[in-house]
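data_24.pdb (PDB, C-alpha atoms, pLDDT in the B column) appears below.
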MODEL        1
ATOM      1  CA  MET A   1      -1.717  16.032  30.379  1.00 40.00           C
ATOM      2  CA  GLU A   2       0.067  12.807  29.640  1.00 44.00           C
ATOM      3  CA  ASN A   3       0.403   9.954  32.047  1.00 46.00           C
ATOM      4  CA  ASN A   4       4.050   9.791  33.126  1.00 44.00           C
ATOM      5  CA  ALA A   5       3.946   6.009  33.129  1.00 47.00           C
ATOM      6  CA  LEU A   6       3.290   5.996  29.384  1.00 47.00           C
ATOM      7  CA  VAL A   7       6.013   8.469  28.387  1.00 48.00           C
ATOM      8  CA  GLY A   8       9.157   7.071  26.819  1.00 46.00           C
ATOM      9  CA  PRO A   9       9.948   4.004  24.757  1.00 53.00           C
ATOM     10  CA  LEU A  10       7.984   0.863  25.418  1.00 55.00           C
ATOM     11  CA  LYS A  11       9.891  -1.977  27.007  1.00 62.00           C
ATOM     12  CA  GLN A  12       8.821  -5.211  25.434  1.00 74.00           C
ATOM     13  CA  LYS A  13       9.152  -8.412  27.331  1.00 76.00           C
ATOM     14  CA  PRO A  14       9.962 -11.681  25.612  1.00 77.00           C
ATOM     15  CA  ALA A  15       7.031 -13.680  24.298  1.00 74.00           C
ATOM     16  CA  THR A  16       7.920 -16.555  26.615  1.00 77.00           C
ATOM     17  CA  SER A  17       7.075 -14.425  29.665  1.00 79.00           C
ATOM     18  CA  TYR A  18       3.610 -13.298  28.482  1.00 81.00           C
ATOM     19  CA  ASP A  19       0.812 -13.900  30.953  1.00 84.00           C
ATOM     20  CA  ASP A  20      -2.881 -14.272  30.073  1.00 85.00           C
ATOM     21  CA  ASP A  21      -3.542 -10.499  30.159  1.00 85.00           C
ATOM     22  CA  ASP A  22      -0.648  -9.838  27.775  1.00 83.00           C
ATOM     23  CA  LYS A  23      -1.951 -12.455  25.362  1.00 86.00           C
ATOM     24  CA  ILE A  24      -5.434 -10.919  25.432  1.00 89.00           C
ATOM     25  CA  LEU A  25      -4.043  -7.421  24.803  1.00 86.00           C
ATOM     26  CA  LEU A  26      -1.875  -8.714  21.963  1.00 86.00           C
ATOM     27  CA  SER A  27      -4.865 -10.456  20.422  1.00 89.00           C
ATOM     28  CA  LEU A  28      -6.972  -7.287  20.654  1.00 91.00           C
ATOM     29  CA  ASP A  29      -4.197  -5.223  19.074  1.00 89.00           C
ATOM     30  CA  VAL A  30      -3.904  -7.661  16.168  1.00 91.00           C
ATOM     31  CA  LYS A  31      -7.675  -7.546  15.635  1.00 93.00           C
ATOM     32  CA  ALA A  32      -7.668  -3.732  15.777  1.00 91.00           C
ATOM     33  CA  ARG A  33      -4.787  -3.504  13.281  1.00 91.00           C
ATOM     34  CA  ASP A  34      -6.622  -5.879  10.936  1.00 91.00           C
ATOM     35  CA  ALA A  35      -9.848  -3.880  11.218  1.00 91.00           C
ATOM     36  CA  ILE A  36      -8.070  -0.594  10.524  1.00 90.00           C
ATOM     37  CA  GLY A  37      -6.080  -2.038   7.623  1.00 89.00           C
ATOM     38  CA  ASN A  38      -9.108  -3.674   6.024  1.00 90.00           C
ATOM     39  CA  SER A  39     -11.249  -0.558   6.307  1.00 90.00           C
ATOM     40  CA  LEU A  40      -8.800   1.702   4.477  1.00 88.00           C
ATOM     41  CA  PRO A  41      -8.731   2.275   0.730  1.00 85.00           C
ATOM     42  CA  TYR A  42      -5.598   1.006  -0.983  1.00 82.00           C
ATOM     43  CA  HIS A  43      -4.102   4.470  -1.500  1.00 79.00           C
ATOM     44  CA  MET A  44      -4.251   5.133   2.284  1.00 82.00           C
ATOM     45  CA  TYR A  45      -3.153   1.666   3.399  1.00 86.00           C
ATOM     46  CA  HIS A  46       0.474   2.369   2.473  1.00 85.00           C
ATOM     47  CA  LEU A  47       0.621   4.958   5.294  1.00 85.00           C
ATOM     48  CA  VAL A  48      -0.013   2.396   8.029  1.00 89.00           C
ATOM     49  CA  HIS A  49       1.061  -1.006   6.756  1.00 85.00           C
ATOM     50  CA  ASN A  50       4.409  -0.831   8.607  1.00 88.00           C
ATOM     51  CA  CYS A  51       2.976   0.347  11.943  1.00 88.00           C
ATOM     52  CA  GLU A  52       3.580  -1.971  14.862  1.00 88.00           C
ATOM     53  CA  SER A  53       0.439  -1.222  16.896  1.00 90.00           C
ATOM     54  CA  ALA A  54      -3.136  -0.090  16.408  1.00 90.00           C
ATOM     55  CA  GLN A  55      -2.386   3.088  18.372  1.00 90.00           C
ATOM     56  CA  GLU A  56       0.482   3.940  16.042  1.00 91.00           C
ATOM     57  CA  MET A  57      -1.838   3.353  13.058  1.00 90.00           C
ATOM     58  CA  MET A  58      -4.481   5.677  14.507  1.00 90.00           C
ATOM     59  CA  ASP A  59      -1.909   8.385  15.290  1.00 89.00           C
ATOM     60  CA  THR A  60      -0.584   8.192  11.727  1.00 88.00           C
ATOM     61  CA  LEU A  61      -4.080   8.419  10.250  1.00 87.00           C
ATOM     62  CA  THR A  62      -5.004  11.326  12.530  1.00 85.00           C
ATOM     63  CA  VAL A  63      -2.031  13.332  11.332  1.00 83.00           C
ATOM     64  CA  ALA A  64      -2.694  12.364   7.702  1.00 82.00           C
ATOM     65  CA  TYR A  65      -6.388  13.280   7.704  1.00 79.00           C
ATOM     66  CA  GLU A  66      -6.597  16.085  10.274  1.00 75.00           C
ATOM     67  CA  GLY A  67      -3.055  17.368  10.521  1.00 72.00           C
ATOM     68  CA  ILE A  68      -1.034  18.135  13.602  1.00 75.00           C
ATOM     69  CA  MET A  69      -2.598  20.057  16.485  1.00 75.00           C
ATOM     70  CA  GLU A  70      -1.363  23.450  15.231  1.00 78.00           C
ATOM     71  CA  VAL A  71      -2.972  22.847  11.830  1.00 76.00           C
ATOM     72  CA  GLN A  72      -6.236  21.791  13.489  1.00 73.00           C
ATOM     73  CA  ALA A  73      -6.285  24.936  15.645  1.00 81.00           C
ATOM     74  CA  THR A  74      -5.605  27.151  12.630  1.00 84.00           C
ATOM     75  CA  THR A  75      -8.367  25.443  10.645  1.00 80.00           C
ATOM     76  CA  ILE A  76     -10.861  25.928  13.481  1.00 82.00           C
ATOM     77  CA  ASN A  77      -9.918  29.594  13.812  1.00 85.00           C
ATOM     78  CA  ASN A  78     -10.312  30.135  10.061  1.00 85.00           C
ATOM     79  CA  LEU A  79     -13.722  28.447  10.031  1.00 82.00           C
ATOM     80  CA  ASN A  80     -14.880  30.529  13.006  1.00 83.00           C
ATOM     81  CA  GLN A  81     -13.757  33.707  11.268  1.00 84.00           C
ATOM     82  CA  ARG A  82     -15.563  32.705   8.055  1.00 83.00           C
ATOM     83  CA  TYR A  83     -18.709  31.973  10.094  1.00 79.00           C
ATOM     84  CA  GLU A  84     -18.567  35.317  11.934  1.00 82.00           C
ATOM     85  CA  HIS A  85     -18.180  37.238   8.665  1.00 80.00           C
ATOM     86  CA  PHE A  86     -20.692  35.258   6.627  1.00 80.00           C
ATOM     87  CA  PHE A  87     -22.930  37.425   4.456  1.00 77.00           C
ATOM     88  CA  ALA A  88     -24.859  36.893   1.266  1.00 83.00           C
ATOM     89  CA  GLN A  89     -22.846  37.952  -1.750  1.00 83.00           C
ATOM     90  CA  HIS A  90     -24.144  40.519  -4.230  1.00 88.00           C
ATOM     91  CA  GLY A  91     -26.248  38.853  -6.945  1.00 89.00           C
ATOM     92  CA  GLU A  92     -26.377  35.521  -5.107  1.00 88.00           C
ATOM     93  CA  SER A  93     -29.684  33.683  -4.849  1.00 90.00           C
ATOM     94  CA  LEU A  94     -31.062  32.506  -1.511  1.00 89.00           C
ATOM     95  CA  THR A  95     -30.395  28.886  -2.501  1.00 90.00           C
ATOM     96  CA  GLN A  96     -26.760  29.642  -3.297  1.00 89.00           C
ATOM     97  CA  THR A  97     -26.340  31.480   0.013  1.00 87.00           C
ATOM     98  CA  PHE A  98     -27.940  28.576   1.872  1.00 86.00           C
ATOM     99  CA  ASN A  99     -25.682  26.048   0.111  1.00 88.00           C
ATOM    100  CA  ARG A 100     -22.560  28.056   0.972  1.00 85.00           C
ATOM    101  CA  PHE A 101     -23.708  28.305   4.589  1.00 85.00           C
ATOM    102  CA  ASN A 102     -24.373  24.547   4.766  1.00 82.00           C
ATOM    103  CA  CYS A 103     -20.883  23.831   3.412  1.00 83.00           C
ATOM    104  CA  LEU A 104     -19.382  26.128   6.045  1.00 79.00           C
ATOM    105  CA  VAL A 105     -21.327  24.489   8.867  1.00 81.00           C
ATOM    106  CA  ASP A 106     -20.389  21.011   7.595  1.00 79.00           C
ATOM    107  CA  ASP A 107     -16.717  21.994   7.566  1.00 76.00           C
ATOM    108  CA  MET A 108     -17.000  23.157  11.172  1.00 69.00           C
TER
ENDMDL
END

Encoded form (structure tokens):
Amino acid sequence: MENNALVGPLKQKPATSYDDDDKILLSLDVKARDAIGNSLPYHMYHLVHNCESAQEMMDTLTVAYEGIMEVQATTINNLNQRYEHFFAQHGESLTQTFNRFNCLVDDM
């Protein structure tokens, strides 16, 4: 459940009316944006370089890497189904079965 105070567009106040807490939060946001931007490979940086806040950057990256919530739920359901129906395939060695199982567990 979302906090009703945070729903809707943000109302920015002019920089001249910032108090000490606002300046600290702004400084932390700038540091977080720099850390996120510097930790990304170049081919992923283009997704977030125009974001205005660290939270917006993280939301963009979450959707890019994990997908939206419906996609995540579908992926989890598919992995659970694959796990429940996991059997060794005919002619497969124990090592191959173990490797397939490890890949499935890692994906989960």

Go through range 9-42 of chain A residue by residue and, counting all atoms listed in the file, keep those with an atom at most 12 Å from range 61-81 of chain A; for each kept residue give the shortest atom pair and its distance in Å to one decimal, ordered by chain and increasing number, as CSV.
residue,atom,partner,partner_atom,distance
A:Ile36,CA,A:Leu61,CA,9.9
A:Gly37,CA,A:Leu61,CA,11.0
A:Leu40,CA,A:Leu61,CA,10.0

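Interatomic distance, CA of Ile24 in chain A to CA of Met57 in chain A: 19.2 Å.
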
* To do: Figure out the distance between CA of Met44 in chain A and CA of Val105 in chain A, please, to one decimal in Å.
  => 26.6 Å

* Structure fact -> A straight line from CA of Ser53 in chain A to CA of Asp22 in chain A spans 13.9 Å

Axis-aligned box over every listed atom of range 18-33 of chain A, padded by 4 Å per side: centre and edges in Å to one decimal, as lines of an AutoDock Vina configuration file?
center_x = -2.0
center_y = -8.9
center_z = 22.1
size_x = 19.3
size_y = 18.8
size_z = 25.7

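The shortest atom-to-atom distance to Asp34 in chain A, with only C-alpha atoms taken into account, belongs to A:Ala54 out of A:Ala54, A:Ala15, A:Leu47, A:Ala88.
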
* Pick out the residues sitting within 12 Å of Tyr83 in chain A, and hand them over as JSON, numbers by chain; count only C-alpha atoms, and ignore anything fewer than 6 positions along from it in its own chain. => {"A": [76, 77, 100, 101, 102, 103, 104, 105, 106, 107, 108]}
